[in-house]
>>> print(open('work_11.cif').read())   # mmCIF, C-alpha atoms (C1' of nucleotides)
data_upload
#
loop_
_atom_site.label_atom_id
_atom_site.label_comp_id
_atom_site.auth_asym_id
_atom_site.auth_seq_id
_atom_site.Cartn_x
_atom_site.Cartn_y
_atom_site.Cartn_z
CA MET A 1 -127.02 -71.41 -90.85
CA GLN A 2 -123.92 -71.53 -88.76
CA ASP A 3 -120.71 -72.84 -90.13
CA PRO A 4 -119.61 -75.93 -88.21
CA ASN A 5 -115.96 -75.39 -88.94
CA PRO A 6 -114.09 -72.32 -87.78
CA CYS A 7 -111.33 -72.71 -90.34
CA ARG A 8 -111.74 -69.83 -92.70
CA SER A 9 -108.37 -68.40 -91.97
CA ALA A 10 -105.50 -70.33 -93.43
CA PHE A 11 -103.75 -66.98 -93.79
CA ASN A 12 -104.19 -65.98 -90.17
CA GLN A 13 -103.05 -67.45 -86.93
CA HIS A 14 -105.62 -69.58 -85.11
CA ASP A 15 -105.88 -72.75 -83.09
CA HIS A 16 -106.07 -75.13 -85.97
CA GLN A 17 -106.56 -78.16 -83.74
CA ASN A 18 -110.12 -76.97 -83.29
CA CYS A 19 -110.64 -77.06 -87.04
CA ILE A 20 -109.27 -80.57 -87.30
CA ASP A 21 -111.39 -81.83 -84.41
CA SER A 22 -114.45 -80.15 -85.76
CA ALA A 23 -113.89 -81.56 -89.24
CA LEU A 24 -113.52 -85.06 -87.86
CA GLU A 25 -116.65 -84.82 -85.75
CA THR A 26 -118.64 -83.58 -88.72
CA ALA A 27 -117.26 -86.36 -90.89
CA LYS A 28 -118.19 -89.01 -88.37
CA LYS A 29 -121.65 -87.59 -88.01
CA LEU A 30 -122.24 -87.44 -91.76
CA CYS A 31 -120.97 -90.96 -92.32
CA ARG A 32 -123.17 -92.25 -89.53
CA GLN A 33 -126.18 -90.51 -91.06
CA ARG A 34 -125.42 -91.96 -94.47
CA SER A 35 -124.38 -95.34 -93.09
CA SER A 36 -121.05 -95.02 -94.80
CA ARG A 37 -117.95 -96.35 -93.16
CA LEU A 38 -115.24 -93.94 -92.14
CA THR A 39 -112.61 -96.68 -91.92
CA PRO A 40 -109.17 -96.16 -90.33
CA VAL A 41 -107.41 -95.30 -93.60
CA ARG A 42 -110.16 -92.95 -94.66
CA GLN A 43 -110.20 -91.19 -91.34
CA ARG A 44 -106.43 -90.94 -91.25
CA VAL A 45 -106.32 -89.46 -94.76
CA LEU A 46 -108.91 -86.90 -93.74
CA GLU A 47 -106.85 -86.02 -90.65
CA LEU A 48 -103.66 -85.67 -92.65
CA ILE A 49 -105.37 -83.38 -95.11
CA TRP A 50 -106.83 -81.26 -92.36
CA GLN A 51 -103.54 -81.01 -90.50
CA SER A 52 -102.08 -78.98 -93.33
CA HIS A 53 -103.08 -75.60 -94.63
CA HIS A 54 -101.32 -76.53 -97.80
CA PRO A 55 -103.30 -78.72 -100.12
CA LEU A 56 -101.67 -82.16 -100.05
CA GLY A 57 -100.79 -84.27 -103.05
CA ALA A 58 -101.89 -87.90 -103.13
CA TYR A 59 -98.32 -89.15 -102.95
CA GLN A 60 -97.49 -86.91 -100.01
CA ILE A 61 -100.41 -88.45 -98.17
CA LEU A 62 -99.32 -91.88 -99.32
CA SER A 63 -95.84 -91.58 -97.91
CA GLN A 64 -97.24 -90.42 -94.57
CA LEU A 65 -99.53 -93.42 -94.51
CA GLY A 66 -96.57 -95.64 -95.31
CA GLU A 67 -94.60 -94.28 -92.35
CA GLU A 68 -97.53 -95.03 -90.10
CA GLY A 69 -97.76 -98.66 -91.13
CA PHE A 70 -100.64 -98.41 -93.53
CA ASN A 71 -100.46 -99.98 -96.91
CA SER A 72 -98.81 -97.53 -99.23
CA ALA A 73 -99.73 -98.46 -102.75
CA PRO A 74 -101.41 -95.72 -104.79
CA PRO A 75 -104.88 -97.29 -104.90
CA THR A 76 -105.05 -97.09 -101.12
CA VAL A 77 -104.89 -93.34 -101.04
CA TYR A 78 -106.90 -92.73 -104.20
CA ARG A 79 -109.73 -94.89 -102.89
CA ALA A 80 -109.76 -93.04 -99.63
CA LEU A 81 -109.74 -89.75 -101.50
CA ASP A 82 -112.57 -90.87 -103.76
CA PHE A 83 -114.60 -91.72 -100.71
CA LEU A 84 -113.91 -88.38 -99.08
CA LEU A 85 -114.64 -86.51 -102.30
CA GLU A 86 -117.94 -88.33 -102.81
CA HIS A 87 -119.00 -87.35 -99.34
CA GLY A 88 -117.91 -83.78 -99.88
CA LEU A 89 -115.41 -84.01 -97.04
CA VAL A 90 -112.50 -82.85 -99.17
CA HIS A 91 -112.02 -80.87 -102.34
CA ARG A 92 -109.63 -81.55 -105.14
CA ILE A 93 -107.73 -78.52 -106.38
CA ALA A 94 -107.22 -79.13 -110.06
CA SER A 95 -104.54 -76.53 -110.61
CA LEU A 96 -102.36 -78.20 -107.95
CA ASN A 97 -103.35 -81.84 -108.24
CA ALA A 98 -103.88 -81.68 -104.52
CA PHE A 99 -106.51 -82.06 -101.85
CA ILE A 100 -107.83 -79.87 -99.08
CA GLY A 101 -110.49 -80.27 -96.41
CA CYS A 102 -113.96 -78.89 -97.08
CA VAL A 103 -115.07 -76.43 -94.45
CA SER A 104 -118.77 -77.08 -94.85
CA PRO A 105 -119.32 -80.63 -96.10
CA GLU A 106 -122.96 -80.56 -95.14
CA GLN A 107 -123.87 -77.92 -97.67
CA CYS A 108 -121.39 -76.99 -100.33
CA HIS A 109 -120.67 -79.17 -103.31
CA HIS A 110 -118.20 -76.80 -104.90
CA GLY A 111 -115.36 -74.79 -103.47
CA TYR A 112 -113.84 -71.45 -104.29
CA PHE A 113 -110.18 -71.18 -103.39
CA LEU A 114 -107.50 -68.63 -102.77
CA ILE A 115 -104.08 -70.19 -103.27
CA CYS A 116 -100.86 -68.45 -102.34
CA ARG A 117 -98.21 -69.04 -104.95
CA ASN A 118 -95.47 -68.19 -102.48
CA CYS A 119 -96.25 -70.13 -99.31
CA GLY A 120 -98.59 -72.66 -100.87
CA SER A 121 -101.38 -72.25 -98.36
CA ALA A 122 -104.96 -72.27 -99.57
CA GLN A 123 -108.21 -71.02 -98.18
CA GLU A 124 -111.77 -71.75 -99.16
CA ILE A 125 -113.95 -68.66 -99.51
CA LYS A 126 -117.68 -68.20 -99.57
CA ALA A 127 -118.32 -65.71 -102.41
CA GLN A 128 -122.06 -65.78 -101.83
CA ASN A 129 -123.41 -64.67 -105.18
CA LEU A 130 -120.73 -66.21 -107.34
CA SER A 131 -122.61 -69.39 -108.17
CA GLY A 132 -125.65 -67.44 -109.31
CA PHE A 133 -123.48 -65.16 -111.36
CA LEU A 134 -121.75 -68.07 -113.05
CA HIS A 135 -125.01 -69.84 -113.77
CA GLN A 136 -126.39 -66.67 -115.29
CA ASN A 137 -123.44 -66.36 -117.62
CA ALA A 138 -123.60 -70.01 -118.58
CA GLU A 139 -127.31 -69.79 -119.23
CA ALA A 140 -126.69 -67.08 -121.79
CA ALA A 141 -124.80 -69.74 -123.76
CA GLY A 142 -127.49 -72.37 -123.13
CA PHE A 143 -125.09 -74.24 -120.89
CA LYS A 144 -126.12 -76.12 -117.75
CA ILE A 145 -123.45 -76.03 -115.06
CA GLU A 146 -123.00 -79.10 -112.91
CA SER A 147 -119.73 -78.38 -111.19
CA GLU A 148 -117.65 -75.29 -110.63
CA THR A 149 -113.90 -75.02 -110.44
CA VAL A 150 -112.78 -71.63 -109.18
CA GLU A 151 -109.15 -71.44 -108.11
CA LEU A 152 -107.56 -68.03 -107.60
CA SER A 153 -103.83 -67.91 -107.36
CA GLY A 154 -101.82 -65.00 -106.02
CA LEU A 155 -100.31 -63.69 -102.82
CA CYS A 156 -101.77 -64.16 -99.36
CA PRO A 157 -101.68 -61.29 -96.86
CA LEU A 158 -98.50 -62.56 -95.18
CA CYS A 159 -96.60 -63.09 -98.39
CA GLN A 160 -97.37 -59.61 -99.68
CA SER A 161 -95.06 -58.07 -97.14
CA MET B 1 -112.99 -53.17 -128.83
CA GLN B 2 -113.82 -55.74 -131.41
CA ASP B 3 -112.95 -59.33 -130.97
CA PRO B 4 -110.57 -60.51 -133.67
CA ASN B 5 -111.72 -64.10 -133.47
CA PRO B 6 -115.29 -65.14 -134.26
CA CYS B 7 -115.06 -68.41 -132.34
CA ARG B 8 -117.33 -68.00 -129.40
CA SER B 9 -119.59 -70.84 -130.34
CA ALA B 10 -118.09 -74.25 -129.82
CA PHE B 11 -121.59 -75.44 -129.07
CA ASN B 12 -123.12 -74.11 -132.29
CA GLN B 13 -122.49 -74.78 -135.91
CA HIS B 14 -120.23 -72.31 -137.67
CA ASP B 15 -117.47 -72.20 -140.21
CA HIS B 16 -114.63 -73.00 -137.92
CA GLN B 17 -112.02 -72.61 -140.61
CA ASN B 18 -112.47 -68.87 -140.22
CA CYS B 19 -111.64 -69.18 -136.53
CA ILE B 20 -108.50 -71.16 -137.26
CA ASP B 21 -107.35 -68.74 -139.94
CA SER B 22 -108.06 -65.77 -137.77
CA ALA B 23 -106.21 -67.28 -134.82
CA LEU B 24 -103.17 -67.98 -136.95
CA GLU B 25 -103.10 -64.48 -138.39
CA THR B 26 -103.36 -62.97 -134.96
CA ALA B 27 -100.61 -65.23 -133.68
CA LYS B 28 -98.29 -64.28 -136.51
CA LYS B 29 -98.98 -60.62 -135.98
CA LEU B 30 -98.37 -60.80 -132.25
CA CYS B 31 -95.15 -62.74 -132.65
CA ARG B 32 -93.91 -60.28 -135.25
CA GLN B 33 -94.68 -57.39 -132.90
CA ARG B 34 -92.85 -59.07 -130.05
CA SER B 35 -90.06 -60.38 -132.27
CA SER B 36 -90.79 -63.89 -131.10
CA ARG B 37 -90.46 -66.78 -133.48
CA LEU B 38 -93.51 -68.75 -134.42
CA THR B 39 -91.48 -71.71 -135.64
CA PRO B 40 -93.01 -74.59 -137.64
CA VAL B 41 -93.64 -76.81 -134.61
CA ARG B 42 -95.11 -73.97 -132.62
CA GLN B 43 -97.38 -72.95 -135.44
CA ARG B 44 -98.45 -76.52 -136.11
CA VAL B 45 -99.28 -77.08 -132.43
CA LEU B 46 -101.36 -73.93 -132.44
CA GLU B 47 -103.19 -75.12 -135.56
CA LEU B 48 -103.86 -78.55 -134.11
CA ILE B 49 -105.26 -77.01 -130.96
CA TRP B 50 -107.47 -74.67 -132.92
CA GLN B 51 -108.73 -77.41 -135.20
CA SER B 52 -110.49 -79.06 -132.29
CA HIS B 53 -113.30 -77.74 -130.16
CA HIS B 54 -112.24 -80.27 -127.59
CA PRO B 55 -109.32 -79.21 -125.48
CA LEU B 56 -106.36 -81.39 -126.54
CA GLY B 57 -103.99 -83.22 -124.23
CA ALA B 58 -100.27 -82.80 -124.76
CA TYR B 59 -99.86 -86.41 -125.82
CA GLN B 60 -102.70 -86.20 -128.31
CA ILE B 61 -100.91 -83.29 -129.92
CA LEU B 62 -97.66 -85.18 -129.73
CA SER B 63 -98.93 -88.20 -131.60
CA GLN B 64 -100.33 -85.96 -134.33
CA LEU B 65 -96.96 -84.27 -134.64
CA GLY B 66 -95.33 -87.67 -134.84
CA GLU B 67 -97.56 -88.73 -137.73
CA GLU B 68 -96.60 -85.57 -139.57
CA GLY B 69 -92.89 -86.21 -139.31
CA PHE B 70 -92.09 -83.87 -136.46
CA ASN B 71 -90.04 -85.02 -133.56
CA SER B 72 -92.37 -86.65 -131.09
CA ALA B 73 -90.66 -86.68 -127.74
CA PRO B 74 -92.56 -84.97 -124.91
CA PRO B 75 -90.29 -81.93 -124.59
CA THR B 76 -91.11 -80.96 -128.15
CA VAL B 77 -94.75 -80.44 -127.44
CA TYR B 78 -94.34 -79.05 -123.94
CA ARG B 79 -91.88 -76.46 -125.19
CA ALA B 80 -94.25 -75.41 -127.93
CA LEU B 81 -97.08 -75.24 -125.43
CA ASP B 82 -94.99 -73.17 -123.02
CA PHE B 83 -94.27 -70.73 -125.80
CA LEU B 84 -97.93 -70.48 -126.78
CA LEU B 85 -98.99 -70.11 -123.16
CA GLU B 86 -96.47 -67.36 -122.51
CA HIS B 87 -97.79 -65.44 -125.46
CA GLY B 88 -101.36 -65.97 -124.36
CA LEU B 89 -102.18 -67.84 -127.55
CA VAL B 90 -103.55 -70.87 -125.76
CA HIS B 91 -105.00 -71.64 -122.34
CA ARG B 92 -104.38 -74.64 -120.17
CA ILE B 93 -107.47 -76.19 -118.68
CA ALA B 94 -106.36 -77.54 -115.33
CA SER B 95 -109.32 -79.79 -114.72
CA LEU B 96 -108.64 -81.64 -117.98
CA ASN B 97 -104.86 -81.38 -118.31
CA ALA B 98 -105.58 -80.08 -121.77
CA PHE B 99 -105.11 -77.06 -123.97
CA ILE B 100 -107.41 -74.84 -125.97
CA GLY B 101 -106.94 -71.79 -128.17
CA CYS B 102 -107.40 -68.35 -126.67
CA VAL B 103 -109.99 -66.31 -128.50
CA SER B 104 -108.50 -62.93 -127.63
CA PRO B 105 -104.77 -63.28 -127.08
CA GLU B 106 -104.24 -59.57 -127.41
CA GLN B 107 -106.13 -58.75 -124.25
CA CYS B 108 -107.10 -61.51 -121.90
CA HIS B 109 -104.63 -63.18 -119.60
CA HIS B 110 -107.17 -65.47 -117.98
CA GLY B 111 -109.96 -67.56 -119.43
CA TYR B 112 -113.34 -68.64 -118.19
CA PHE B 113 -114.55 -71.93 -119.63
CA LEU B 114 -117.68 -73.96 -120.12
CA ILE B 115 -116.80 -77.62 -120.54
CA CYS B 116 -119.32 -80.24 -121.62
CA ARG B 117 -118.85 -83.44 -119.65
CA ASN B 118 -120.67 -85.42 -122.32
CA CYS B 119 -119.18 -84.37 -125.65
CA GLY B 120 -115.99 -82.85 -124.29
CA SER B 121 -116.26 -79.58 -126.15
CA ALA B 122 -115.28 -76.39 -124.40
CA GLN B 123 -116.00 -72.75 -124.94
CA GLU B 124 -114.39 -69.65 -123.55
CA ILE B 125 -116.83 -67.08 -122.21
CA LYS B 126 -116.47 -63.42 -121.43
CA ALA B 127 -118.25 -62.95 -118.09
CA GLN B 128 -117.47 -59.24 -118.02
CA ASN B 129 -117.72 -58.45 -114.34
CA LEU B 130 -116.44 -61.72 -113.03
CA SER B 131 -112.86 -60.64 -112.55
CA GLY B 132 -113.90 -57.61 -110.57
CA PHE B 133 -116.21 -59.70 -108.46
CA LEU B 134 -113.49 -62.23 -107.73
CA HIS B 135 -110.98 -59.52 -106.84
CA GLN B 136 -113.48 -57.96 -104.50
CA ASN B 137 -114.02 -61.23 -102.69
CA ALA B 138 -110.31 -61.91 -102.48
CA GLU B 139 -109.62 -58.44 -101.20
CA ALA B 140 -111.94 -59.09 -98.28
CA ALA B 141 -109.46 -61.76 -97.23
CA GLY B 142 -106.48 -59.51 -97.91
CA PHE B 143 -105.53 -61.68 -100.85
CA LYS B 144 -104.01 -60.38 -104.08
CA ILE B 145 -105.12 -62.38 -107.11
CA GLU B 146 -102.61 -62.90 -109.89
CA SER B 147 -104.28 -65.58 -111.95
CA GLU B 148 -107.78 -66.94 -112.21
CA THR B 149 -108.87 -70.48 -112.97
CA VAL B 150 -112.57 -70.71 -113.69
CA GLU B 151 -113.73 -73.94 -115.28
CA LEU B 152 -117.40 -74.76 -115.33
CA SER B 153 -118.36 -78.31 -116.16
CA GLY B 154 -121.82 -79.45 -117.20
CA LEU B 155 -123.92 -80.03 -120.28
CA CYS B 156 -123.76 -78.01 -123.48
CA PRO B 157 -126.97 -77.09 -125.30
CA LEU B 158 -126.70 -80.04 -127.70
CA CYS B 159 -126.04 -82.62 -125.02
CA GLN B 160 -128.99 -81.51 -122.93
CA SER B 161 -131.42 -82.97 -125.44
"C1'" DA C 1 -123.04 -119.84 -90.29
"C1'" DC C 2 -124.09 -118.49 -95.23
"C1'" DT C 3 -124.42 -115.09 -98.67
"C1'" DA C 4 -123.87 -110.74 -100.71
"C1'" DT C 5 -121.60 -106.49 -100.43
"C1'" DT C 6 -117.99 -103.57 -99.44
"C1'" DT C 7 -113.32 -102.72 -98.53
"C1'" DT C 8 -108.49 -103.60 -98.95
"C1'" DG C 9 -104.05 -105.78 -100.96
"C1'" DT C 10 -101.16 -106.29 -104.89
"C1'" DT C 11 -99.16 -105.86 -109.38
"C1'" DA C 12 -98.86 -103.58 -113.32
"C1'" DT C 13 -99.42 -99.85 -116.31
"C1'" DA C 14 -101.40 -95.54 -118.18
"C1'" DA C 15 -101.28 -90.58 -118.53
"C1'" DC C 16 -99.08 -86.30 -117.73
"C1'" DA C 17 -94.78 -83.57 -117.22
"C1'" DT C 18 -89.82 -82.28 -116.37
"C1'" DT C 19 -84.57 -82.56 -116.10
"C1'" DA C 20 -80.26 -82.53 -118.13
"C1'" DC C 21 -77.25 -82.28 -121.60
"C1'" DA C 22 -76.03 -82.41 -126.55
"C1'" DT C 23 -76.78 -80.45 -131.12
"C1'" DA C 24 -78.45 -77.36 -134.42
"C1'" DT C 25 -80.29 -73.09 -136.05
"C1'" DA C 26 -80.89 -68.12 -135.92
"C1'" DT C 27 -79.29 -63.39 -134.67
"C1'" DT C 28 -75.99 -59.89 -133.59
"C1'" DC C 29 -72.04 -57.45 -134.00
"C1'" DC C 30 -67.63 -56.75 -135.79
"C1'" DG D 1 -68.89 -62.97 -144.35
"C1'" DG D 2 -67.48 -65.05 -140.03
"C1'" DA D 3 -67.09 -65.43 -135.06
"C1'" DA D 4 -69.65 -65.02 -130.89
"C1'" DT D 5 -73.99 -65.23 -128.70
"C1'" DA D 6 -78.53 -66.43 -127.98
"C1'" DT D 7 -82.38 -69.21 -129.14
"C1'" DA D 8 -84.48 -73.44 -130.42
"C1'" DT D 9 -84.55 -78.43 -131.03
"C1'" DG D 10 -83.03 -83.49 -130.38
"C1'" DT D 11 -82.57 -87.19 -127.25
"C1'" DA D 12 -82.57 -90.20 -123.21
"C1'" DA D 13 -83.95 -90.75 -118.91
"C1'" DT D 14 -86.83 -89.99 -115.16
"C1'" DG D 15 -90.32 -87.89 -112.16
"C1'" DT D 16 -95.19 -87.28 -110.93
"C1'" DT D 17 -100.04 -88.24 -110.91
"C1'" DA D 18 -103.68 -91.63 -111.54
"C1'" DT D 19 -106.11 -95.97 -112.95
"C1'" DA D 20 -107.08 -100.98 -114.29
"C1'" DA D 21 -107.68 -105.59 -113.08
"C1'" DC D 22 -108.07 -109.19 -110.14
"C1'" DA D 23 -107.37 -111.61 -105.60
"C1'" DA D 24 -108.16 -111.66 -100.69
"C1'" DA D 25 -110.20 -110.12 -96.53
"C1'" DA D 26 -113.55 -107.89 -93.68
"C1'" DT D 27 -118.31 -106.53 -92.79
"C1'" DA D 28 -123.44 -106.54 -92.89
"C1'" DG D 29 -127.78 -108.79 -93.52
"C1'" DT D 30 -130.36 -112.92 -93.24
#
>>> encode(input="work_11.cif", output="structure tokens")
Amino acid sequence: MQDPNPCRSAFNQHDHQNCIDSALETAKKLCRQRSSRLTPVRQRVLELIWQSHHPLGAYQILSQLGEEGFNSAPPTVYRALDFLLEHGLVHRIASLNAFIGCVSPEQCHHGYFLICRNCGSAQEIKAQNLSGFLHQNAEAAGFKIESETVELSGLCPLCQS
Amino acid sequence: MQDPNPCRSAFNQHDHQNCIDSALETAKKLCRQRSSRLTPVRQRVLELIWQSHHPLGAYQILSQLGEEGFNSAPPTVYRALDFLLEHGLVHRIASLNAFIGCVSPEQCHHGYFLICRNCGSAQEIKAQNLSGFLHQNAEAAGFKIESETVELSGLCPLCQS
DNA sequence: ACTATTTTGTTATAACATTACATATATTCC
DNA sequence: GGAATATATGTAATGTTATAACAAAATAGT
């Protein structure tokens, strides 16, 4: 299956506008399919998140919304984020209390992340067999995994030099 | 190498007092070796954390300290936690904003966790090859991992039935 | 147009964490 | 032992992240 979103390269130069456009198109398509409403605030929050390679905090998003004339009370942004999370359009990064766009909202329900501690950029990775490996280990303890949080912090290629 | 702490079974019955005692002895030994001071507050925080199989939030710990006559302003507990974290005696679980004892403070610098969404208990697991696997995947992206957050949420054996 | 559902506005507050500066307690070295 | 230094704690205020509760508005289905 082909990935709909080219953005697997937060650490490399690329035309990110493509990623944003692609993410929005996918979001619209999914919401149409599910007859969910991608309202103006929700769409704008998704755009703001995609425009950055740094995971964005809720209050960063909120202040942007405020500048653009949207309502800027916390529930506004948290509701939009809840919606986007439920639809798998964004991920929450627990170790940062921040949000990042999901590169394959049609399939994945978890995300594995590389997070640069120096420049703050983050990239979702595929790690094909990881889920199976984790489930295997959990099974040994009789545990049934429902959601996976894998956040790897360190130095991105650029920040190593 | 033998594990100094028997507590690898938050989801099973066992004499947890042994785990607590063992953790405290190890902590004292490590601090002696490093000429760090395991002061009364620090030790009490470590005990409180070990007494629970549920990861404890900072403010839960704080209110316990308060009841016992310790100072109960936030910095008190956060300082103690910082100390314990630095020495690898406890882990922070990012997805819960909570803290849990480390079962092998002499070796491990990361922790992999199974967290029951129903009863709230959490268990650290070994997952031998996981770190290597993660590093391999990161390397493919030119990324250098420094710390690993792996938190697996789901149902523990007891809560599945 | 009427009704039910969903979404948004608004106010307040809960939960988690840090800053800054003062005070006290240990440790070191003479 | 006593002064100087380093480490740890006390205290007040504030910063940051997230939710609760209820009212109003917009939308969808009939």
>>> interface_residues(input="work_11.cif", of="chain C", to="chain B", cutoff="9 Å", atoms="only C-alpha atoms (C1' of nucleotides)", output="list in words")
DA15, DC16, DA17 and DT18 of chain C
>>> write_last_selection(input="work_11.cif", atoms="C-alpha atoms (C1' of nucleotides)", output="short mmCIF file (atom, residue, chain, number, x, y, z; two decimals), in the frame of the given file")
data_model
loop_
_atom_site.label_atom_id
_atom_site.label_comp_id
_atom_site.auth_asym_id
_atom_site.auth_seq_id
_atom_site.Cartn_x
_atom_site.Cartn_y
_atom_site.Cartn_z
"C1'" DA C 15 -101.28 -90.58 -118.53
"C1'" DC C 16 -99.08 -86.30 -117.73
"C1'" DA C 17 -94.78 -83.57 -117.22
"C1'" DT C 18 -89.82 -82.28 -116.37
#
>>> interface_residues(input="work_11.cif", of="chain D", to="chain A", cutoff="10 Å", atoms="all atoms listed in the file", output="list in words")
DT16, DT17, DA18 and DT19 of chain D
>>> resolve_selection(input="work_11.cif", expression="the PyMOL selection byres ((chain A and resi 143-160) around 6)", output="short mmCIF file (atom, residue, chain, number, x, y, z; two decimals) with C-alpha atoms, in the coordinates of the input")
data_model
loop_
_atom_site.label_atom_id
_atom_site.label_comp_id
_atom_site.auth_asym_id
_atom_site.auth_seq_id
_atom_site.Cartn_x
_atom_site.Cartn_y
_atom_site.Cartn_z
CA HIS A 110 -118.20 -76.80 -104.90
CA TYR A 112 -113.84 -71.45 -104.29
CA PHE A 113 -110.18 -71.18 -103.39
CA LEU A 114 -107.50 -68.63 -102.77
CA ILE A 115 -104.08 -70.19 -103.27
CA CYS A 116 -100.86 -68.45 -102.34
CA ARG A 117 -98.21 -69.04 -104.95
CA ALA A 138 -123.60 -70.01 -118.58
CA GLU A 139 -127.31 -69.79 -119.23
CA ALA A 141 -124.80 -69.74 -123.76
CA GLY A 142 -127.49 -72.37 -123.13
CA SER A 161 -95.06 -58.07 -97.14
CA GLY B 142 -106.48 -59.51 -97.91
CA PHE B 143 -105.53 -61.68 -100.85
CA LYS B 144 -104.01 -60.38 -104.08
CA ILE B 145 -105.12 -62.38 -107.11
CA GLU B 146 -102.61 -62.90 -109.89
CA SER B 147 -104.28 -65.58 -111.95
CA GLU B 148 -107.78 -66.94 -112.21
CA THR B 149 -108.87 -70.48 -112.97
CA VAL B 150 -112.57 -70.71 -113.69
CA GLU B 151 -113.73 -73.94 -115.28
CA LEU B 152 -117.40 -74.76 -115.33
CA SER B 153 -118.36 -78.31 -116.16
CA GLY B 154 -121.82 -79.45 -117.20
CA LEU B 155 -123.92 -80.03 -120.28
CA CYS B 156 -123.76 -78.01 -123.48
CA PRO B 157 -126.97 -77.09 -125.30
#
>>> atom_distance(input="work_11.cif", atom1="atom CA of A:Ser95", atom2="atom CA of B:Gly88")
17.6 Å
>>> residues_around(input="work_11.cif", residues="D:DA3", least_positions_apart="6", cutoff="12 Å", atoms="only C-alpha atoms (C1' of nucleotides)", output="PyMOL selection string")
chain C and resi 28-30
>>> resolve_selection(input="work_11.cif", expression="the PyMOL selection byres ((chain D and resi 23-25) around 8)", output="list in words")
DT8 and DG9 of chain C; DC22 and DA26 of chain D
>>> atom_distance(input="work_11.cif", atom1="atom CA of A:His91", atom2="atom CA of A:Ser104")
10.8 Å
>>> closest_residue(input="work_11.cif", among="B:Ile93, B:Cys108, B:Leu81, B:Cys102", to="chain A", atoms="only C-alpha atoms")
B:Ile93
>>> atom_distance(input="work_11.cif", atom1="atom CA of A:Ala122", atom2="atom CA of A:Leu62")
20.4 Å
>>> build_atoms(input="work_11.cif", residues="stretch 105-118 of chain B", atoms="N, CA and C atoms", output="PDB file, in the coordinates of the input")
ATOM      1  N   PRO B 105    -106.123 -63.279-127.647  1.00  0.00           N
ATOM      2  CA  PRO B 105    -104.770 -63.280-127.080  1.00  0.00           C
ATOM      3  C   PRO B 105    -104.189 -61.893-126.899  1.00  0.00           C
ATOM      4  N   GLU B 106    -104.825 -60.911-127.530  1.00  0.00           N
ATOM      5  CA  GLU B 106    -104.240 -59.570-127.410  1.00  0.00           C
ATOM      6  C   GLU B 106    -104.609 -58.904-126.093  1.00  0.00           C
ATOM      7  N   GLN B 107    -105.713 -59.380-125.498  1.00  0.00           N
ATOM      8  CA  GLN B 107    -106.130 -58.750-124.250  1.00  0.00           C
ATOM      9  C   GLN B 107    -106.064 -59.672-123.034  1.00  0.00           C
ATOM     10  N   CYS B 108    -106.846 -60.754-123.125  1.00  0.00           N
ATOM     11  CA  CYS B 108    -107.100 -61.510-121.900  1.00  0.00           C
ATOM     12  C   CYS B 108    -105.889 -62.301-121.440  1.00  0.00           C
ATOM     13  N   HIS B 109    -105.719 -62.388-120.164  1.00  0.00           N
ATOM     14  CA  HIS B 109    -104.630 -63.180-119.600  1.00  0.00           C
ATOM     15  C   HIS B 109    -105.212 -64.317-118.763  1.00  0.00           C
ATOM     16  N   HIS B 110    -106.523 -64.342-118.642  1.00  0.00           N
ATOM     17  CA  HIS B 110    -107.170 -65.470-117.980  1.00  0.00           C
ATOM     18  C   HIS B 110    -108.291 -65.931-118.901  1.00  0.00           C
ATOM     19  N   GLY B 111    -108.850 -67.077-118.619  1.00  0.00           N
ATOM     20  CA  GLY B 111    -109.960 -67.560-119.430  1.00  0.00           C
ATOM     21  C   GLY B 111    -110.998 -68.204-118.548  1.00  0.00           C
ATOM     22  N   TYR B 112    -112.248 -67.976-118.899  1.00  0.00           N
ATOM     23  CA  TYR B 112    -113.340 -68.640-118.190  1.00  0.00           C
ATOM     24  C   TYR B 112    -113.957 -69.642-119.159  1.00  0.00           C
ATOM     25  N   PHE B 113    -114.151 -70.866-118.700  1.00  0.00           N
ATOM     26  CA  PHE B 113    -114.550 -71.930-119.630  1.00  0.00           C
ATOM     27  C   PHE B 113    -115.799 -72.689-119.224  1.00  0.00           C
ATOM     28  N   LEU B 114    -116.572 -73.021-120.250  1.00  0.00           N
ATOM     29  CA  LEU B 114    -117.680 -73.960-120.120  1.00  0.00           C
ATOM     30  C   LEU B 114    -117.229 -75.253-120.784  1.00  0.00           C
ATOM     31  N   ILE B 115    -117.314 -76.350-120.041  1.00  0.00           N
ATOM     32  CA  ILE B 115    -116.800 -77.620-120.540  1.00  0.00           C
ATOM     33  C   ILE B 115    -117.897 -78.677-120.472  1.00  0.00           C
ATOM     34  N   CYS B 116    -118.255 -79.240-121.617  1.00  0.00           N
ATOM     35  CA  CYS B 116    -119.320 -80.240-121.620  1.00  0.00           C
ATOM     36  C   CYS B 116    -118.766 -81.594-121.196  1.00  0.00           C
ATOM     37  N   ARG B 117    -119.357 -82.160-120.157  1.00  0.00           N
ATOM     38  CA  ARG B 117    -118.850 -83.440-119.650  1.00  0.00           C
ATOM     39  C   ARG B 117    -119.267 -84.591-120.551  1.00  0.00           C
ATOM     40  N   ASN B 118    -120.211 -84.347-121.452  1.00  0.00           N
ATOM     41  CA  ASN B 118    -120.670 -85.420-122.320  1.00  0.00           C
ATOM     42  C   ASN B 118    -119.885 -85.467-123.631  1.00  0.00           C
TER      43      ASN B 118
END
